[in-house]
Amino acid sequence: MATNTTNTTTNSTTGRTGAEVAATPAGHPRLDFGKTAGKAFRALVGFDAAAREGLDPALVELIQIRASHLNHCAYCLHMHTSDARKAGESEERLHMVAVWREARHFFTEKEQAALALTEAVTLVADGGVPDDVYAEAAARFDERELAQVLALICAINTWNRVALATAKVAGTDQRR
């Protein structure tokens with residue numbers, strides 16, 4: 001970083017000053033995390049891919065949707081509901097994810113355990129992961145699956161924080 005004459009730092013990668021980044025208008029991302037933190041971004045992509053291994057794709061999307069609801073991440077919520085639809089998930093179930101406790105009949109016991117664990121881990125500062133929530137998940141998943149579910153929950157929470165911190169705009173997913 002170099003300092004310009006107005007005492008504002010300029011990013012050598014983007015050419016934007018700190019003031020320009022801070023003043024980014026609503027509806028426009030603040031920075032391209034993948035370009036400016038490429039090594040960290042690639043590591044997160046690898047972690048995310050490893051976390052999904054061996055898990056049912058429908059379950060993966062339910063976990064990611066629920067965490068994105070809780071974190072108020074519109075970018076990730078749009079992305080994962082779109083992915084779920086493409087994978088054949090029903091509109092009915094997608095609408096019920098946010099209120100799954102009141103609509104348990106839409107979800108298997110395994111999915112319910114994963115959603116409860118997702119909530120506990122995502123909101124960990126509100127009281128940790130209760131023993132009963134963990135025990136229910138441990139009863140529904142074998143040890144390897146449970147570890148994968150926990151890794152996936154950690155991955156989506158990280159993605160949510162990156163998207164929120166960089167002001168990613170819902171509907172602008174550019175994955176190929």
# chains A, B, ... in the order shown; residues from 1 in each chain; ligands from 1
call {"tool": "residues_around", "arguments": {"residues": "Arg85 in chain A", "least_positions_apart": "4", "cutoff": "10 Å", "atoms": "only C-alpha atoms", "output": "list of chain:residue names"}}
result
A:Ala58, A:Glu61, A:His80, A:Thr81, A:Glu89, A:Ser90, A:Glu91, A:Leu94
call {"tool": "select_by_dssp", "arguments": {"residues": "range 23-171 of chain A", "states": "helix (DSSP H, G or I)", "output": "ChimeraX atom specification"}}
result
/A:33-36,38-52,57-70,74-86,91-106,109-122,124-126,131-140,143-165
call {"tool": "atom_distance", "arguments": {"atom1": "CA of Ala37 in chain A", "atom2": "CA of Ile65 in chain A"}}
result
25.0 Å
call {"tool": "atom_distance", "arguments": {"atom1": "CA of Ala163 in chain A", "atom2": "CA of Ala113 in chain A"}}
result
26.2 Å
call {"tool": "atom_distance", "arguments": {"atom1": "CA of Ala40 in chain A", "atom2": "CA of Ala155 in chain A"}}
result
12.7 Å
call {"tool": "closest_residue", "arguments": {"among": "A:Glu119, A:Asp32, A:Glu109, A:Glu92", "to": "Ile153 in chain A", "atoms": "only C-alpha atoms"}}
result
A:Glu119
call {"tool": "closest_residue", "arguments": {"among": "A:Val149, A:Met96, A:Leu70, A:Val121", "to": "Asp56 in chain A", "atoms": "only C-alpha atoms"}}
result
A:Val149
call {"tool": "residues_around", "arguments": {"residues": "Glu145 in chain A", "least_positions_apart": "4", "cutoff": "10 Å", "atoms": "only C-alpha atoms", "output": "list in words"}}
result
Ala51, Arg52, Glu53, Gly54, Leu55, Asp56, Ala137, Ala138, Arg140, Phe141, Val149, Leu150 and Ala151 of chain A
call {"tool": "residues_around", "arguments": {"residues": "Phe106 in chain A", "least_positions_apart": "4", "cutoff": "10 Å", "atoms": "only C-alpha atoms", "output": "number ranges by chain"}}
result
A: 92-94, 96-97, 100-102, 111-112
call {"tool": "closest_residue", "arguments": {"among": "A:Asp126, A:Lys110, A:Asn160, A:Asp173", "to": "Leu146 in chain A", "atoms": "only C-alpha atoms"}}
result
A:Lys110
call {"tool": "select_by_dssp", "arguments": {"residues": "chain A", "states": "strand (DSSP E or B)", "output": "NGL selection string"}}
result
:A and (2-3 or 9-10 or 17)
call {"tool": "write_last_selection", "arguments": {"atoms": "N, CA, C and O atoms", "output": "CSV table (one decimal), in the first residue's frame"}}
result
chain,number,residue,atom,x,y,z
A,2,ALA,N,0.4,2.2,-0.7
A,2,ALA,CA,1.2,3.5,-0.8
A,2,ALA,C,0.3,4.6,-0.3
A,2,ALA,O,-1.0,4.5,-0.4
A,3,THR,N,0.8,5.7,0.2
A,3,THR,CA,0.0,6.8,0.7
A,3,THR,C,0.0,7.9,-0.4
A,3,THR,O,1.1,8.2,-0.9
A,9,THR,N,-4.8,5.8,1.9
A,9,THR,CA,-4.1,4.7,1.4
A,9,THR,C,-4.7,4.3,0.1
A,9,THR,O,-5.9,4.3,-0.1
A,10,THR,N,-3.8,3.8,-0.8
A,10,THR,CA,-4.2,3.3,-2.1
A,10,THR,C,-3.8,1.8,-2.2
A,10,THR,O,-2.7,1.5,-1.9
A,17,THR,N,-8.6,3.7,-3.4
A,17,THR,CA,-8.2,4.2,-2.1
A,17,THR,C,-9.1,3.6,-1.0
A,17,THR,O,-10.2,3.1,-1.3
call {"tool": "residues_around", "arguments": {"residues": "Ala67 in chain A", "least_positions_apart": "6", "cutoff": "10 Å", "atoms": "only C-alpha atoms", "output": "list in words"}}
result
Glu61, Cys73, Cys76, Leu77, Ala98, Leu115, Thr118, Glu119, Ala120, Val121, Thr122, Leu123, Ile153, Cys154, Ile156, Asn157 and Asn160 of chain A
call {"tool": "closest_residue", "arguments": {"among": "A:Ala43, A:Leu31, A:Ala49, A:Ile63", "to": "Val169 in chain A", "atoms": "only C-alpha atoms"}}
result
A:Leu31
